[in-house]
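Undergrad: Pasting target-v2.tsv here (TSV, C-alpha atoms):
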chain	number	residue	atom	x	y	z
A	1	MET	CA	23.77	3.05	-52.92
A	2	THR	CA	22.49	1.04	-49.98
A	3	VAL	CA	20.72	-2.28	-50.16
A	4	LEU	CA	17.40	-0.59	-49.43
A	5	GLU	CA	17.98	1.81	-52.32
A	6	GLN	CA	18.49	-0.98	-54.89
A	7	PRO	CA	15.91	-1.24	-57.66
A	8	GLY	CA	13.06	-3.47	-56.60
A	9	SER	CA	13.59	-2.86	-52.89
A	10	SER	CA	10.55	-2.38	-50.67
A	11	ARG	CA	11.48	1.26	-50.07
A	12	ASN	CA	10.89	2.03	-53.74
A	13	LYS	CA	7.52	0.26	-53.94
A	14	SER	CA	4.94	2.99	-53.62
A	15	SER	CA	2.18	0.38	-53.64
A	16	LEU	CA	3.18	-0.78	-50.13
A	17	ALA	CA	0.30	0.51	-47.98
A	18	GLY	CA	2.02	0.27	-44.60
A	19	PRO	CA	4.57	-1.56	-42.47
A	20	PRO	CA	4.85	-5.36	-42.43
A	21	PRO	CA	2.26	-7.42	-40.49
A	22	ALA	CA	4.46	-7.60	-37.39
A	23	TRP	CA	3.17	-4.21	-36.22
A	24	ARG	CA	-0.37	-5.43	-35.69
A	25	PRO	CA	-1.61	-5.39	-32.07
A	26	ARG	CA	-1.67	-8.68	-30.21
A	27	VAL	CA	-5.04	-7.84	-28.69
A	28	ASP	CA	-7.95	-5.52	-29.42
A	29	PRO	CA	-7.26	-2.40	-27.34
A	30	ALA	CA	-10.93	-1.40	-26.99
A	31	PRO	CA	-11.83	-3.82	-24.14
A	32	LEU	CA	-8.76	-2.72	-22.21
A	33	LEU	CA	-9.75	0.96	-22.05
A	34	PRO	CA	-11.11	2.30	-18.74
A	35	ASP	CA	-14.46	4.02	-18.39
A	36	ALA	CA	-14.61	7.70	-19.17
A	37	ALA	CA	-15.55	8.49	-15.55
A	38	PRO	CA	-14.70	6.73	-12.27
A	39	TYR	CA	-16.99	3.79	-11.54
A	40	ARG	CA	-19.44	4.44	-8.68
A	41	LEU	CA	-22.09	2.50	-6.78
A	42	LEU	CA	-23.10	4.64	-3.79
A	43	GLY	CA	-25.71	7.20	-4.72
A	44	THR	CA	-26.69	5.32	-7.90
A	45	ASP	CA	-29.48	2.86	-8.70
A	46	ALA	CA	-26.91	0.06	-8.70
A	47	ALA	CA	-26.41	0.48	-4.95
A	48	GLY	CA	-29.66	-1.38	-4.36
A	49	ARG	CA	-28.08	-4.70	-5.32
A	50	LEU	CA	-25.31	-4.41	-2.75
A	51	ASP	CA	-25.26	-6.95	0.06
A	52	SER	CA	-26.11	-5.39	3.43
A	53	GLY	CA	-23.63	-7.64	5.22
A	54	LEU	CA	-20.81	-6.38	3.03
A	55	LEU	CA	-21.83	-2.76	3.59
A	56	THR	CA	-21.85	-3.08	7.38
A	57	ARG	CA	-18.53	-4.91	7.29
A	58	LEU	CA	-16.98	-2.18	5.15
A	59	TYR	CA	-18.40	0.51	7.43
A	60	ALA	CA	-16.99	-1.09	10.59
A	61	GLN	CA	-13.57	-1.32	8.97
A	62	LEU	CA	-13.71	2.27	7.74
A	63	VAL	CA	-14.55	3.60	11.21
A	64	ARG	CA	-11.83	1.48	12.75
A	65	GLY	CA	-9.39	2.66	10.08
A	66	ARG	CA	-10.19	6.33	10.66
A	67	ARG	CA	-9.56	5.89	14.39
A	68	TYR	CA	-6.34	4.01	13.67
A	69	ASN	CA	-5.10	6.87	11.49
A	70	ALA	CA	-5.95	9.43	14.16
A	71	GLN	CA	-4.20	7.45	16.89
A	72	ALA	CA	-1.09	6.83	14.79
A	73	THR	CA	-0.90	10.54	13.96
A	74	ALA	CA	-1.17	11.39	17.67
A	75	LEU	CA	1.61	8.94	18.49
A	76	THR	CA	3.82	10.72	15.97
A	77	ARG	CA	3.20	14.08	17.64
A	78	GLN	CA	4.05	12.50	20.99
A	79	GLY	CA	7.39	11.23	19.67
A	80	ARG	CA	6.38	7.56	19.75
A	81	LEU	CA	6.64	7.25	15.98
A	82	ALA	CA	9.44	8.66	13.87
A	83	VAL	CA	7.08	9.31	10.96
A	84	TYR	CA	3.57	8.42	9.91
A	85	PRO	CA	2.11	8.74	6.40
A	86	SER	CA	-1.60	8.97	7.12
A	87	SER	CA	-4.22	7.38	4.87
A	88	THR	CA	-7.06	9.52	6.25
A	89	GLY	CA	-9.55	10.00	3.43
A	90	GLN	CA	-8.22	6.95	1.61
A	91	GLU	CA	-9.62	4.34	4.00
A	92	ALA	CA	-12.00	2.93	1.37
A	93	CYS	CA	-9.07	1.90	-0.82
A	94	GLU	CA	-7.15	0.43	2.10
A	95	VAL	CA	-10.04	-1.61	3.47
A	96	ALA	CA	-11.32	-2.78	0.09
A	97	ALA	CA	-7.86	-4.02	-0.88
A	98	ALA	CA	-7.64	-6.15	2.25
A	99	LEU	CA	-11.17	-7.56	1.98
A	100	ALA	CA	-10.89	-8.42	-1.72
A	101	LEU	CA	-8.15	-11.01	-1.04
A	102	GLU	CA	-8.43	-14.59	0.10
A	103	GLU	CA	-6.31	-15.78	3.01
A	104	ARG	CA	-3.90	-17.55	0.64
A	105	ASP	CA	-3.29	-14.39	-1.42
A	106	TRP	CA	-0.50	-11.85	-0.91
A	107	LEU	CA	-0.69	-8.12	-0.24
A	108	PHE	CA	2.21	-5.88	-1.32
A	109	PRO	CA	1.77	-2.53	0.46
A	110	SER	CA	3.58	0.78	0.16
A	111	TYR	CA	4.63	2.86	3.16
A	112	ARG	CA	1.18	4.53	3.33
A	113	ASP	CA	-0.70	1.25	3.44
A	114	THR	CA	-0.34	0.17	7.06
A	115	LEU	CA	-4.13	0.36	7.37
A	116	ALA	CA	-4.55	-2.19	4.57
A	117	ALA	CA	-2.24	-4.52	6.50
A	118	VAL	CA	-4.23	-3.95	9.72
A	119	ALA	CA	-7.52	-4.54	7.91
A	120	ARG	CA	-6.06	-7.83	6.66
A	121	GLY	CA	-5.54	-8.88	10.28
A	122	LEU	CA	-2.08	-7.62	11.17
A	123	ASP	CA	-1.50	-6.39	14.73
A	124	PRO	CA	-1.50	-2.55	14.58
A	125	VAL	CA	1.66	-2.41	16.70
A	126	GLN	CA	3.45	-4.71	14.29
A	127	ALA	CA	2.27	-2.57	11.38
A	128	LEU	CA	3.85	0.53	12.96
A	129	THR	CA	7.09	-1.04	14.17
A	130	LEU	CA	9.02	-0.03	11.04
A	131	LEU	CA	7.78	3.57	11.34
A	132	ARG	CA	8.94	3.67	14.95
A	133	GLY	CA	12.40	2.62	13.80
A	134	ASP	CA	12.61	-0.53	15.93
A	135	TRP	CA	13.07	-3.18	13.28
A	136	HIS	CA	13.50	-3.87	9.57
A	137	ASN	CA	9.89	-5.04	9.58
A	138	GLY	CA	7.52	-5.64	12.46
A	139	TYR	CA	5.98	-8.90	11.32
A	140	ASP	CA	6.62	-12.19	9.55
A	141	PRO	CA	5.60	-11.68	5.91
A	142	HIS	CA	5.06	-15.41	5.32
A	143	GLU	CA	2.78	-15.77	8.32
A	144	HIS	CA	0.49	-12.95	7.30
A	145	ARG	CA	0.95	-13.07	3.52
A	146	ILE	CA	1.85	-9.38	3.63
A	147	ALA	CA	5.11	-8.26	2.04
A	148	PRO	CA	7.28	-5.84	4.05
A	149	LEU	CA	6.09	-2.24	3.99
A	150	CYS	CA	7.86	-0.61	1.08
A	151	THR	CA	9.40	2.83	1.58
A	152	PRO	CA	11.19	3.18	-1.80
A	153	LEU	CA	8.62	4.10	-4.44
A	154	ALA	CA	7.17	1.24	-6.50
A	155	THR	CA	9.92	-1.31	-5.80
A	156	GLN	CA	7.30	-3.65	-4.35
A	157	LEU	CA	5.58	-3.96	-7.73
A	158	PRO	CA	8.19	-6.16	-9.48
A	159	HIS	CA	8.32	-8.25	-6.29
A	160	ALA	CA	4.56	-8.80	-6.51
A	161	VAL	CA	4.86	-9.83	-10.16
A	162	GLY	CA	7.68	-12.23	-9.34
A	163	LEU	CA	5.75	-13.88	-6.53
A	164	ALA	CA	2.58	-14.15	-8.62
A	165	HIS	CA	4.46	-15.59	-11.60
A	166	ALA	CA	6.28	-18.10	-9.39
A	167	ALA	CA	2.99	-19.15	-7.77
A	168	ARG	CA	1.45	-19.79	-11.16
A	169	LEU	CA	4.46	-21.85	-12.29
A	170	LYS	CA	4.16	-23.93	-9.12
A	171	GLY	CA	0.45	-24.40	-9.58
A	172	ASP	CA	-0.44	-22.47	-6.42
A	173	ASP	CA	-3.82	-20.74	-6.43
A	174	VAL	CA	-2.43	-17.39	-5.32
A	175	VAL	CA	-3.05	-13.80	-6.40
A	176	ALA	CA	-0.85	-10.83	-5.49
A	177	LEU	CA	-2.35	-7.37	-4.98
A	178	ALA	CA	0.19	-4.56	-5.15
A	179	MET	CA	-0.59	-1.05	-3.90
A	180	VAL	CA	1.13	2.13	-5.08
A	181	GLY	CA	0.48	5.87	-5.09
A	182	ASP	CA	0.14	8.11	-8.12
A	183	GLY	CA	3.72	9.30	-7.63
A	184	GLY	CA	4.94	5.72	-7.89
A	185	THR	CA	3.60	5.47	-11.45
A	186	SER	CA	6.43	7.77	-12.54
A	187	GLU	CA	9.03	5.24	-11.39
A	188	GLY	CA	10.68	2.76	-13.73
A	189	ASP	CA	9.72	-0.13	-11.45
A	190	PHE	CA	6.06	0.59	-12.18
A	191	HIS	CA	6.48	0.25	-15.93
A	192	GLU	CA	8.75	-2.79	-15.71
A	193	ALA	CA	6.30	-4.53	-13.41
A	194	LEU	CA	3.34	-3.91	-15.70
A	195	ASN	CA	5.27	-5.06	-18.76
A	196	PHE	CA	6.41	-8.34	-17.21
A	197	ALA	CA	3.03	-8.97	-15.60
A	198	ALA	CA	1.23	-8.66	-18.95
A	199	LEU	CA	3.82	-10.70	-20.87
A	200	TRP	CA	3.69	-13.52	-18.31
A	201	GLN	CA	-0.05	-13.14	-17.67
A	202	ALA	CA	0.86	-13.16	-13.99
A	203	PRO	CA	-2.03	-13.32	-11.47
A	204	VAL	CA	-1.43	-9.86	-10.03
A	205	VAL	CA	-3.61	-6.78	-9.48
A	206	PHE	CA	-2.13	-3.29	-9.36
A	207	LEU	CA	-4.04	-0.74	-7.26
A	208	VAL	CA	-2.99	2.87	-7.83
A	209	GLN	CA	-4.32	5.19	-5.14
A	210	ASN	CA	-4.43	8.50	-6.96
A	211	ASN	CA	-4.62	10.91	-4.02
A	212	GLY	CA	-3.75	13.95	-6.10
A	213	PHE	CA	-0.16	14.59	-5.06
A	214	ALA	CA	3.27	13.00	-5.10
A	215	ILE	CA	4.25	14.81	-1.90
A	216	SER	CA	3.80	18.36	-3.28
A	217	VAL	CA	3.66	17.57	-7.02
A	218	PRO	CA	0.10	17.50	-8.40
A	219	LEU	CA	-0.92	14.80	-10.85
A	220	ALA	CA	-1.10	17.27	-13.73
A	221	LYS	CA	2.67	17.75	-13.44
A	222	GLN	CA	3.34	14.00	-13.30
A	223	THR	CA	1.62	12.72	-16.41
A	224	ALA	CA	-0.22	13.85	-19.55
A	225	ALA	CA	-2.21	10.61	-19.80
A	226	PRO	CA	-6.04	10.85	-19.81
A	227	SER	CA	-5.94	8.85	-16.57
A	228	LEU	CA	-3.47	6.58	-14.83
A	229	ALA	CA	-5.75	3.67	-15.70
A	230	HIS	CA	-5.07	4.37	-19.39
A	231	LYS	CA	-1.45	3.36	-18.85
A	232	ALA	CA	-2.62	-0.25	-18.63
A	233	VAL	CA	-3.51	-0.36	-22.32
A	234	GLY	CA	0.08	0.24	-23.39
A	235	TYR	CA	1.11	-2.95	-21.65
A	236	GLY	CA	-1.78	-5.11	-22.80
A	237	MET	CA	-3.91	-5.34	-19.67
A	238	PRO	CA	-7.30	-3.89	-18.70
A	239	GLY	CA	-7.43	-0.54	-16.94
A	240	ARG	CA	-10.23	0.24	-14.48
A	241	LEU	CA	-11.09	3.67	-13.12
A	242	VAL	CA	-13.05	3.77	-9.86
A	243	ASP	CA	-14.17	6.31	-7.27
A	244	GLY	CA	-11.66	5.59	-4.52
A	245	ASN	CA	-13.96	6.98	-1.80
A	246	ASP	CA	-16.80	4.63	-2.75
A	247	ALA	CA	-15.89	1.61	-0.63
A	248	PRO	CA	-18.25	-0.95	-2.21
A	249	ALA	CA	-17.29	0.19	-5.72
A	250	VAL	CA	-13.57	-0.25	-4.97
A	251	HIS	CA	-14.29	-3.61	-3.37
A	252	GLU	CA	-16.29	-4.78	-6.38
A	253	VAL	CA	-13.70	-3.68	-8.93
A	254	LEU	CA	-10.82	-5.24	-6.99
A	255	THR	CA	-12.75	-8.46	-6.35
A	256	GLU	CA	-13.46	-8.80	-10.07
A	257	ALA	CA	-9.79	-8.15	-10.88
A	258	VAL	CA	-8.64	-10.71	-8.30
A	259	GLU	CA	-11.06	-13.32	-9.65
A	260	ARG	CA	-9.93	-12.59	-13.20
A	261	ALA	CA	-6.29	-13.04	-12.21
A	262	ARG	CA	-7.06	-16.25	-10.33
A	263	GLY	CA	-8.90	-17.64	-13.33
A	264	GLY	CA	-5.92	-17.14	-15.64
A	265	GLY	CA	-7.04	-13.84	-17.16
A	266	GLY	CA	-3.84	-12.03	-16.27
A	267	PRO	CA	-3.20	-8.70	-14.53
A	268	THR	CA	-5.39	-5.62	-14.13
A	269	LEU	CA	-4.48	-2.02	-13.34
A	270	VAL	CA	-7.01	-0.25	-11.12
A	271	GLU	CA	-6.84	3.49	-10.53
A	272	ALA	CA	-8.81	4.60	-7.48
A	273	VAL	CA	-9.40	8.36	-7.48
A	274	THR	CA	-9.22	9.54	-3.87
A	275	TYR	CA	-7.63	12.32	-1.82
A	276	ARG	CA	-5.03	12.65	0.90
A	277	ILE	CA	-6.77	14.71	3.58
A	278	GLU	CA	-3.75	14.87	5.88
A	279	ALA	CA	-0.27	16.03	4.91
A	280	HIS	CA	2.13	13.67	3.14
A	281	THR	CA	3.70	12.87	6.53
A	282	ASN	CA	4.09	14.70	9.83
A	283	ALA	CA	7.20	16.34	8.30
A	284	ASP	CA	5.19	17.93	5.46
A	285	ASP	CA	3.43	21.30	5.36
A	286	ALA	CA	0.61	20.71	2.87
A	287	THR	CA	-0.59	24.34	3.08
A	288	ARG	CA	2.38	25.34	0.94
A	289	TYR	CA	1.04	23.61	-2.16
A	290	ARG	CA	-2.75	23.24	-1.78
A	291	ALA	CA	-5.62	25.39	-0.56
A	292	ASP	CA	-7.77	24.58	2.47
A	293	SER	CA	-10.84	24.97	0.28
A	294	GLU	CA	-9.67	22.06	-1.87
A	295	VAL	CA	-9.34	19.85	1.20
A	296	GLU	CA	-12.79	20.87	2.43
A	297	THR	CA	-14.31	20.00	-0.93
A	298	TRP	CA	-12.94	16.48	-0.59
A	299	ARG	CA	-14.14	16.24	3.01
A	300	ALA	CA	-17.65	16.48	1.59
A	301	HIS	CA	-16.88	13.31	-0.36
A	302	ASP	CA	-15.67	11.45	2.74
A	303	PRO	CA	-15.81	7.64	2.32
A	304	ILE	CA	-17.43	7.13	5.74
A	305	ALA	CA	-20.13	9.74	5.11
A	306	LEU	CA	-20.89	8.27	1.68
A	307	LEU	CA	-21.43	4.82	3.16
A	308	GLU	CA	-23.44	6.19	6.10
A	309	ARG	CA	-26.00	7.65	3.70
A	310	GLU	CA	-26.56	4.23	2.14
A	311	LEU	CA	-26.80	2.53	5.54
A	312	GLU	CA	-29.23	5.16	6.80
A	313	GLY	CA	-31.43	4.60	3.76
A	314	ARG	CA	-31.54	0.91	4.62
A	315	ARG	CA	-32.14	1.65	8.31
A	316	LEU	CA	-28.97	-0.25	9.20
A	317	LEU	CA	-27.23	2.65	10.93
A	318	THR	CA	-28.80	1.93	14.32
A	319	GLU	CA	-27.54	3.38	17.59
A	320	GLU	CA	-26.56	-0.10	18.73
A	321	PHE	CA	-24.55	-0.81	15.59
A	322	VAL	CA	-22.86	2.60	15.57
A	323	GLY	CA	-22.07	2.37	19.29
A	324	ALA	CA	-20.57	-1.10	19.00
A	325	THR	CA	-18.52	-0.02	15.99
A	326	ARG	CA	-17.13	3.05	17.73
A	327	ASP	CA	-16.48	1.16	20.96
A	328	GLY	CA	-14.47	-1.43	19.04
A	329	ALA	CA	-12.47	1.29	17.32
A	330	GLU	CA	-11.77	3.04	20.63
A	331	GLN	CA	-10.67	-0.21	22.23
A	332	MET	CA	-8.26	-0.81	19.37
A	333	ALA	CA	-6.88	2.73	19.73
A	334	ALA	CA	-6.49	2.41	23.51
A	335	ASP	CA	-4.61	-0.86	23.14
A	336	LEU	CA	-2.40	0.63	20.45
A	337	ARG	CA	-1.71	3.71	22.56
A	338	GLU	CA	-0.83	1.68	25.66
A	339	ARG	CA	1.49	-0.70	23.88
A	340	MET	CA	3.22	1.98	21.81
A	341	ASN	CA	3.85	4.05	24.93
A	342	ALA	CA	5.93	1.22	26.40
A	343	ASP	CA	9.62	1.52	25.59
A	344	PRO	CA	10.69	-1.44	23.45
A	345	VAL	CA	13.60	-3.67	24.45
A	346	LEU	CA	15.98	-3.60	21.50
A	347	ASP	CA	19.06	-5.63	20.65
A	348	PRO	CA	21.46	-3.73	18.36
A	349	MET	CA	22.63	-7.04	16.91
A	350	ASP	CA	19.23	-7.44	15.32
A	351	LEU	CA	20.46	-5.01	12.68
A	352	PHE	CA	22.12	-7.94	10.96
A	353	ASN	CA	19.23	-10.38	11.13
A	354	HIS	CA	16.92	-11.04	8.16
A	355	VAL	CA	18.95	-8.94	5.73
A	356	PHE	CA	20.37	-11.81	3.70
A	357	ALA	CA	19.74	-15.54	3.91
A	358	GLU	CA	23.52	-15.89	4.31
A	359	GLN	CA	25.43	-12.90	5.65
A	360	THR	CA	28.03	-11.33	3.40
A	361	SER	CA	31.62	-11.04	4.58
A	362	GLN	CA	31.14	-7.29	5.07
A	363	LEU	CA	28.11	-7.84	7.28
A	364	ARG	CA	29.94	-10.48	9.33
A	365	GLU	CA	32.83	-8.06	9.82
A	366	GLN	CA	30.48	-5.26	10.86
A	367	ALA	CA	28.60	-7.58	13.23
A	368	GLU	CA	31.83	-8.67	14.91
A	369	GLN	CA	32.88	-5.03	15.30
A	370	LEU	CA	29.55	-4.06	16.86
A	371	ARG	CA	29.62	-7.09	19.18
A	372	ALA	CA	33.09	-6.11	20.40
A	373	GLU	CA	31.94	-2.55	21.06
A	374	LEU	CA	28.87	-3.74	22.95
A	375	ASP	CA	30.95	-6.15	25.04
A	376	ALA	CA	33.44	-3.38	25.85
A	377	GLU	CA	30.61	-1.02	26.81
A	378	ALA	CA	29.03	-3.68	29.03
A	379	ALA	CA	32.39	-4.37	30.72
A	380	GLY	CA	32.86	-0.67	31.35
A	381	HIS	CA	29.47	-0.43	33.02
A	382	THR	CA	30.32	-3.40	35.21
A	383	GLU	CA	33.60	-1.82	36.31
A	384	ASP	CA	31.89	1.50	37.04
A	385	ALA	CA	29.27	-0.24	39.13
A	386	ALA	CA	31.91	-2.17	41.05
A	387	GLY	CA	33.93	1.00	41.69
A	388	THR	CA	30.88	2.83	42.95
A	389	ASP	CA	30.04	-0.01	45.34
A	390	GLY	CA	33.63	-0.11	46.62
A	391	SER	CA	33.73	3.62	47.25
A	392	ALA	CA	30.51	3.37	49.18
A	393	GLU	CA	31.95	0.61	51.38
A	394	GLU	CA	35.14	2.63	52.10
A	395	ALA	CA	33.13	5.72	53.02
A	396	ARG	CA	31.27	3.91	55.76
A	397	PRO	CA	32.60	4.50	59.34
For this file, produce the structure as structure tokens.

TA:
Amino acid sequence: MTVLEQPGSSRNKSSLAGPPPAWRPRVDPAPLLPDAAPYRLLGTDAAGRLDSGLLTRLYAQLVRGRRYNAQATALTRQGRLAVYPSSTGQEACEVAAALALEERDWLFPSYRDTLAAVARGLDPVQALTLLRGDWHNGYDPHEHRIAPLCTPLATQLPHAVGLAHAARLKGDDVVALAMVGDGGTSEGDFHEALNFAALWQAPVVFLVQNNGFAISVPLAKQTAAPSLAHKAVGYGMPGRLVDGNDAPAVHEVLTEAVERARGGGGPTLVEAVTYRIEAHTNADDATRYRADSEVETWRAHDPIALLERELEGRRLLTEEFVGATRDGAEQMAADLRERMNADPVLDPMDLFNHVFAEQTSQLREQAEQLRAELDAEAAGHTEDAAGTDGSAEEARP
């Protein structure tokens, strides 16, 4: 007979209605639940309260972003980029994420979020340097308050939580906004980040761009949850569901989440429902797992077209404004094209820079080996050049 089976034990008391009080939820789950449908502004009565200045700013950034995506894709086809994960169709999420942050805040992008970094003010060439294969990272993260572009899925999320938590402990008025795709929500880093963020009430916002596919795996084969935003409730934070192609709606939801985090309200998980119009990368054949008709259906819900309708209704889409916006986008693309077509001057020794604050013994050994090989190669070129010059002198009459 075990202790629990002894007479008078709680197991034998049929009058016990349920488990001990420790099971009770720490918070009421109802306010944390997302809306039943994605939040929208464009095409609704609520659009009338939107600031015209914000709408024109969003539109200019969307047009510039679409041109940036097209130019980066062309550079990939020309061999100037090793790979490019396009965000065409998702520009509203990218732009809204950048504009929702203050200068002192931090952006934690994934590999598909180079446009968000550019919209935040990063030089487009620097944003693409990693994808060209020239450098660990093409920019100084501390200067721009943009974490390095993250290629492994979701590993940037715990980093964002750590930075936000550290900022709060130091008394710094800083919010971190971390971006991830729907596929990244299946990674352990995603769940660990949400759990720590909620426990610490860290000032961080998680933006999930649900573009329908984790490479070729549709969302229905990734999760059985009602929505990805519902996952927030399990960790004790609010979940918001928003139309990811409605730029002002995404901007409003993210701005509210950032302000909530800054005010001590803790983290928020935002799911933006959007669509990846282009293939996963230039190495992907999207026709193998989705129909062209599906893509065309989403083209009808294009974020630029949605915003144009609102601007036309307000008579803000003038020829002068549209022309200036397109000219600015073309100038950006021309500058990007010219600079990316120039062969970079690379130093192989840079491989060992900015990996660790203090190099490990293995890295020092590898660096010394590479330096010796480079010196030997340089000496060989010098000898060859000298021999060629000498032969030329001897051949003269």

Undergrad: Against stretch 244-251 of chain A, which residues of stretch 27-80 of chain A fall within 9 Å? For each one I want the closest pair of atoms and the distance in Å (one decimal), counting only C-alpha atoms, rows by chain and increasing residue number, as a tab-separated table.

TA:
residue	atom	partner	partner_atom	distance
A:Pro38	CA	A:Gly244	CA	8.4
A:Tyr39	CA	A:Ala249	CA	6.8
A:Arg40	CA	A:Ala249	CA	5.6
A:Leu41	CA	A:Ala249	CA	5.4
A:Leu42	CA	A:Asp246	CA	6.4
A:Ala47	CA	A:Pro248	CA	8.7
A:Leu50	CA	A:Pro248	CA	7.9
A:Leu54	CA	A:Pro248	CA	8.0
A:Leu55	CA	A:Pro248	CA	7.1
A:Leu58	CA	A:Ala247	CA	7.0
A:Tyr59	CA	A:Ala247	CA	8.5
A:Leu62	CA	A:Ala247	CA	8.7

Undergrad: Which residue is closest to A:Ala333? Choose from A:Asp123, A:Glu271, A:Asp189, A:Asp173 and count only C-alpha atoms.

TA: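 Closest residue, counting only C-alpha atoms: A:Asp123.
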
Undergrad: Kindly give the distance, in Å, that separates atom CA of A:Val270 and atom CA of A:Ala96, rounded to a single decimal.

TA: 12.3 Å

Undergrad: Rounded to one decimal, what separation in Å do you get between atom CA of A:Leu194 and atom CA of A:His136?

TA: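 Interatomic distance, atom CA of A:Leu194 to atom CA of A:His136: 27.2 Å.
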
Undergrad: Which value, in Å to one decimal, gives the distance between atom CA of A:Ala279 and atom CA of A:Tyr84?

TA: 9.9 Å

Undergrad: Show which residues sit within 8 Å of stretch 196-206 of chain A, as number ranges by chain. Count all atoms listed in the file, and ignore same-chain residues fewer than 6 positions away.

TA: A: 157, 160-161, 164-165, 168, 174-180, 235-237, 254, 257-258, 261-262, 264-270
